[in-house]
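Step one of this worksheet: look at the structure below.
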Amino acid sequence: MEQIKTLPIPARGTPMTTEQAMQLAISEAYKGGPRVSPNPLVGSVVLDSKGGFLQAGHHEFYGGPHAEVNALKNLSADVLKEAHVIVTLEPCAHEGKTPSCAKMIAKLPVKKVTFGLIDPNPLVAGQGAQILKDVGIEAEVFSSADKKLEAEIKTQLEEVCEAFLWNFRQKRVFVSLKMASSLDGQVALKSGESQWITGPESREYVHYLRSCYDGILVGKGTIEFDNPSLNIRHPTIEKKNKVIVIDGEGDLLSKYSDLKLSALHEGKNIFWCVAEDLKEQIEKKISKFKNPPQMVYVKTNVGGDLNLENLLEHLYQQGLRSVMVEGGALTASSFVQHNLVNRIYMFQAPIIMGAGGSRSWTESLRIKQMKDKIHVNNPRYQTFGGDFMITGTLK
Ligand SMILES: NC(=O)c1ccc[n+]([C@@H]2O[C@H](COP(=O)([O-])OP(=O)(O)OC[C@H]3O[C@@H](n4cnc5c(N)ncnc54)[C@H](OP(=O)(O)O)[C@@H]3O)[C@@H](O)[C@H]2O)c1
């Protein structure tokens, strides 16, 4: 879900290598970020018979035309003679909400299709390529003579649809963790005060990130201290999101109707996670609510805390495919400790808060030996105003 730097669209006819076209297709794919879930982000670029740029497109919204359809739109058969279609994911073979892209391309006079990844969906896997080969179109998985560049692009290809791949391969929710910290890794004062650590540019980007996930998850402490809205406030994105709250004992439900989030979100978009043995008493309690949240009854661990894996299983069953954990300190630590975080976004501001009177986002995490330290893989860095953000994967 990370947005890489958007590449400019070249003028028609500009010569491009397959590698350049694939990088442009990846950049295009990210444009679908807020709107395609649970589908993958996909981008496509079409080159003419001489390798000149013709058009680019992406999958814009769930249920809408696929990337290849948008990239090929309004290009005549004459222009497409011997053309080369580059797409980040194998063209689909099956008819879903839209017709099969492989069958659509098979009717065109294109010479070659290069795709970034084989679709893990068993309804497609290899079959999209086969449909093309059956009509004499070359269909191959992306590779490059420059092996370093190939590896770089393949990493980007996996990243661009990481949630979709994770969902298909693991049948589990993709989890990202976003925190804002001071230079010394603190996320709040011990008093609970934490607003604001980062600047407006970082915060605007966080609202973009929110839009790319199916839900935003926070612990009870964050609701108590901050009474957050947990909605998407972005100048160009309008979207209703889902909110997940961890409140093992269900204590916070007594304040539910006074919370900003219960006024701002429809109850069907609020998932309130409590221990499963409290079901009877909680059901009684919420039966009087005007806009009740969806209750999620979760198994508990020996210590009584909610089993986060079970919580994620419930969310998956309820149709959520990706969530962004936004704190607070204990909730962030728990997710890392239980090895449940796929991607991390850590925004660091050029301020010092002092560990003596503050809280760290890893406060409950204990690493005894340096060999057990947790690595952030494929780290990437971006600046937002005076802050910088590091993102990468934890698994
Ligand atoms: N800088 C940032 O990015 C950022 C982001 C968000 C929040 N914050 C700050 O962080 C502070 C809040 O952090 P926090 O650690 O106090 O609260 P928190 O992480 O928001 O919530 C912790 C509480 O959530 C419940 N919880 C979490 N995991 C659970 C589990 N597996 N099972 C059952 N219950 C679970 C527990 O409630 P029980 O007490 O019922 O057990 C726990 O005490 C605030 O000051 C807030 O402003 C900072």
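Identifiers in this document derive from the order of the structure tokens: chains are assigned A, B, ..., residues are numbered from 1 separately in each chain, and ligands are numbered from 1 in order of occurrence.
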
Pull the closest atom pair for each residue of chain A that gets at most 7 Å from ligand 1, along with the distance in Å to one decimal, counting only C-alpha atoms and all ligand atoms, ordering rows by chain and then ascending residue number, as a tab-separated table.
residue	atom	partner	partner_atom_place_in_ligand_line	distance
A:Lys178	CA	ligand 1	3 (O)	6.7
A:Met179	CA	ligand 1	3 (O)	3.6
A:Ala180	CA	ligand 1	3 (O)	3.7
A:Ser181	CA	ligand 1	1 (N)	5.3
A:Val187	CA	ligand 1	1 (N)	3.7
A:Ala188	CA	ligand 1	45 (O)	4.8
A:Leu189	CA	ligand 1	45 (O)	6.5
A:Gly192	CA	ligand 1	45 (O)	3.4
A:Glu193	CA	ligand 1	45 (O)	5.3
A:Ser194	CA	ligand 1	47 (O)	4.5
A:Gln195	CA	ligand 1	47 (O)	6.9
A:Ile197	CA	ligand 1	1 (N)	6.6
A:Val218	CA	ligand 1	20 (O)	5.5
A:Gly219	CA	ligand 1	20 (O)	3.4
A:Lys220	CA	ligand 1	24 (O)	4.1
A:Gly221	CA	ligand 1	17 (O)	3.3
A:Thr222	CA	ligand 1	20 (O)	3.6
A:Ile223	CA	ligand 1	20 (O)	6.6
A:Phe225	CA	ligand 1	44 (C)	5.3
A:Asp226	CA	ligand 1	47 (O)	5.5
A:Ile246	CA	ligand 1	26 (N)	5.4
A:Asp247	CA	ligand 1	25 (C)	5.2
A:Gly248	CA	ligand 1	33 (C)	4.1
A:Glu249	CA	ligand 1	40 (O)	5.4
A:Asp251	CA	ligand 1	40 (O)	6.9
A:Asp305	CA	ligand 1	32 (N)	3.6
A:Leu306	CA	ligand 1	32 (N)	3.5
A:Asn307	CA	ligand 1	31 (N)	5.8
A:Leu308	CA	ligand 1	31 (N)	5.6
A:Glu326	CA	ligand 1	5 (C)	5.3
A:Gly327	CA	ligand 1	6 (C)	3.8
A:Gly328	CA	ligand 1	19 (O)	3.4
A:Ala329	CA	ligand 1	15 (O)	3.7
A:Leu330	CA	ligand 1	15 (O)	3.6
A:Thr331	CA	ligand 1	19 (O)	3.7
A:Ala332	CA	ligand 1	19 (O)	6.4
A:Ser334	CA	ligand 1	28 (N)	6.3

Got a sec to tell me which of region 94-269 of chain A DSSP assigns to strand (DSSP E or B), as a JSON list (two decimals) with N, CA and C atoms, in the first residue's frame?
[["chain", "number", "residue", "atom", "x", "y", "z"],
["A", 112, "LYS", "N", 2.59, -9.16, -28.16],
["A", 112, "LYS", "CA", 3.19, -9.70, -26.95],
["A", 112, "LYS", "C", 2.55, -9.10, -25.70],
["A", 113, "VAL", "N", 2.45, -9.93, -24.65],
["A", 113, "VAL", "CA", 2.01, -9.45, -23.34],
["A", 113, "VAL", "C", 3.07, -9.85, -22.32],
["A", 114, "THR", "N", 3.57, -8.87, -21.58],
["A", 114, "THR", "CA", 4.51, -9.17, -20.50],
["A", 114, "THR", "C", 3.82, -8.84, -19.20],
["A", 115, "PHE", "N", 3.75, -9.83, -18.31],
["A", 115, "PHE", "CA", 3.08, -9.55, -17.03],
["A", 115, "PHE", "C", 4.05, -9.76, -15.86],
["A", 116, "GLY", "N", 3.82, -8.98, -14.81],
["A", 116, "GLY", "CA", 4.77, -8.96, -13.69],
["A", 116, "GLY", "C", 4.70, -10.20, -12.83],
["A", 117, "LEU", "N", 3.50, -10.59, -12.45],
["A", 117, "LEU", "CA", 3.32, -11.71, -11.52],
["A", 117, "LEU", "C", 2.28, -12.66, -12.08],
["A", 138, "GLU", "N", 2.56, -13.84, -27.83],
["A", 138, "GLU", "CA", 3.60, -14.20, -26.86],
["A", 138, "GLU", "C", 3.15, -13.71, -25.49],
["A", 139, "ALA", "N", 3.23, -14.59, -24.50],
["A", 139, "ALA", "CA", 2.82, -14.18, -23.14],
["A", 139, "ALA", "C", 3.89, -14.65, -22.18],
["A", 140, "GLU", "N", 4.57, -13.71, -21.56],
["A", 140, "GLU", "CA", 5.64, -14.14, -20.66],
["A", 140, "GLU", "C", 5.70, -13.32, -19.38],
["A", 141, "VAL", "N", 6.25, -13.97, -18.34],
["A", 141, "VAL", "CA", 6.45, -13.30, -17.07],
["A", 141, "VAL", "C", 7.65, -12.36, -17.24],
["A", 174, "PHE", "N", -4.17, -8.63, 5.94],
["A", 174, "PHE", "CA", -2.86, -7.97, 5.84],
["A", 174, "PHE", "C", -2.86, -6.84, 6.88],
["A", 175, "VAL", "N", -1.80, -6.82, 7.70],
["A", 175, "VAL", "CA", -1.76, -5.85, 8.80],
["A", 175, "VAL", "C", -0.60, -4.88, 8.61],
["A", 176, "SER", "N", -0.91, -3.59, 8.67],
["A", 176, "SER", "CA", 0.19, -2.63, 8.70],
["A", 176, "SER", "C", 0.11, -1.89, 10.04],
["A", 177, "LEU", "N", 1.22, -1.37, 10.45],
["A", 177, "LEU", "CA", 1.28, -0.62, 11.71],
["A", 177, "LEU", "C", 1.83, 0.75, 11.40],
["A", 178, "LYS", "N", 1.09, 1.77, 11.77],
["A", 178, "LYS", "CA", 1.53, 3.16, 11.57],
["A", 178, "LYS", "C", 1.65, 3.84, 12.93],
["A", 179, "MET", "N", 2.80, 4.42, 13.18],
["A", 179, "MET", "CA", 2.97, 5.18, 14.42],
["A", 179, "MET", "C", 3.71, 6.47, 14.11],
["A", 180, "ALA", "N", 3.50, 7.47, 14.96],
["A", 180, "ALA", "CA", 4.23, 8.73, 14.86],
["A", 180, "ALA", "C", 5.05, 8.87, 16.13],
["A", 181, "SER", "N", 6.35, 9.04, 15.96],
["A", 181, "SER", "CA", 7.19, 9.12, 17.16],
["A", 181, "SER", "C", 8.14, 10.30, 17.08],
["A", 186, "GLN", "N", 9.47, 8.07, 21.07],
["A", 186, "GLN", "CA", 8.35, 8.18, 22.02],
["A", 186, "GLN", "C", 7.06, 8.55, 21.27],
["A", 187, "VAL", "N", 5.94, 7.97, 21.72],
["A", 187, "VAL", "CA", 4.68, 8.21, 20.99],
["A", 187, "VAL", "C", 3.66, 9.01, 21.79],
["A", 188, "ALA", "N", 3.88, 9.17, 23.08],
["A", 188, "ALA", "CA", 2.96, 9.95, 23.92],
["A", 188, "ALA", "C", 3.67, 10.30, 25.22],
["A", 189, "LEU", "N", 3.20, 11.36, 25.86],
["A", 189, "LEU", "CA", 3.71, 11.63, 27.21],
["A", 189, "LEU", "C", 3.00, 10.68, 28.18],
["A", 215, "GLY", "N", -9.69, -1.14, 7.10],
["A", 215, "GLY", "CA", -10.08, -0.69, 8.43],
["A", 215, "GLY", "C", -8.91, -0.09, 9.19],
["A", 216, "ILE", "N", -9.26, 0.74, 10.19],
["A", 216, "ILE", "CA", -8.26, 1.34, 11.07],
["A", 216, "ILE", "C", -8.48, 0.74, 12.46],
["A", 217, "LEU", "N", -7.42, 0.22, 13.06],
["A", 217, "LEU", "CA", -7.57, -0.47, 14.35],
["A", 217, "LEU", "C", -6.83, 0.29, 15.45],
["A", 218, "VAL", "N", -7.49, 0.49, 16.58],
["A", 218, "VAL", "CA", -6.83, 1.10, 17.75],
["A", 218, "VAL", "C", -7.22, 0.36, 19.03],
["A", 219, "GLY", "N", -6.39, 0.55, 20.05],
["A", 219, "GLY", "CA", -6.69, 0.00, 21.37],
["A", 219, "GLY", "C", -7.56, 0.96, 22.15],
["A", 242, "LYS", "N", -13.83, 1.65, 7.81],
["A", 242, "LYS", "CA", -14.24, 0.86, 8.96],
["A", 242, "LYS", "C", -13.26, 1.11, 10.10],
["A", 243, "VAL", "N", -13.77, 0.98, 11.32],
["A", 243, "VAL", "CA", -12.94, 1.20, 12.51],
["A", 243, "VAL", "C", -13.01, -0.05, 13.38],
["A", 244, "ILE", "N", -11.88, -0.45, 13.92],
["A", 244, "ILE", "CA", -11.85, -1.62, 14.81],
["A", 244, "ILE", "C", -11.28, -1.16, 16.15],
["A", 245, "VAL", "N", -12.00, -1.48, 17.23],
["A", 245, "VAL", "CA", -11.54, -1.07, 18.57],
["A", 245, "VAL", "C", -11.32, -2.32, 19.41],
["A", 246, "ILE", "N", -10.17, -2.39, 20.09],
["A", 246, "ILE", "CA", -9.91, -3.51, 21.01],
["A", 246, "ILE", "C", -10.23, -3.05, 22.43]]

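For the atom pair formed by CA of Pro350 (chain A) and CA of Asn378 (chain A), the distance is 23.4 Å, given to one decimal.
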
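Within the 10 Å cut-off around Val206 (chain A), using only C-alpha atoms and omitting residues fewer than 4 positions from it on the same chain, the listed residues are Lys178, Met179, Ala180, Pro200, Glu201, Ser202, Arg210, Ser211, Cys212, Ile232, Arg233, His234, Glu326, Tyr345 and Phe347 of chain A.
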
*Spatial neighbours of Tyr213 (chain A), max dist 7 Å, only C-alpha atoms, sep filter under 3 positions, as a list in words*: Leu209, Arg210, Ser322, Val323 and Met324 of chain A

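In terms of minimum interatomic distance to Gly386 (chain A), A:Gly199 ranks closest within A:Gly63, A:Pro34, A:Pro235, A:Gly199, counting only C-alpha atoms.
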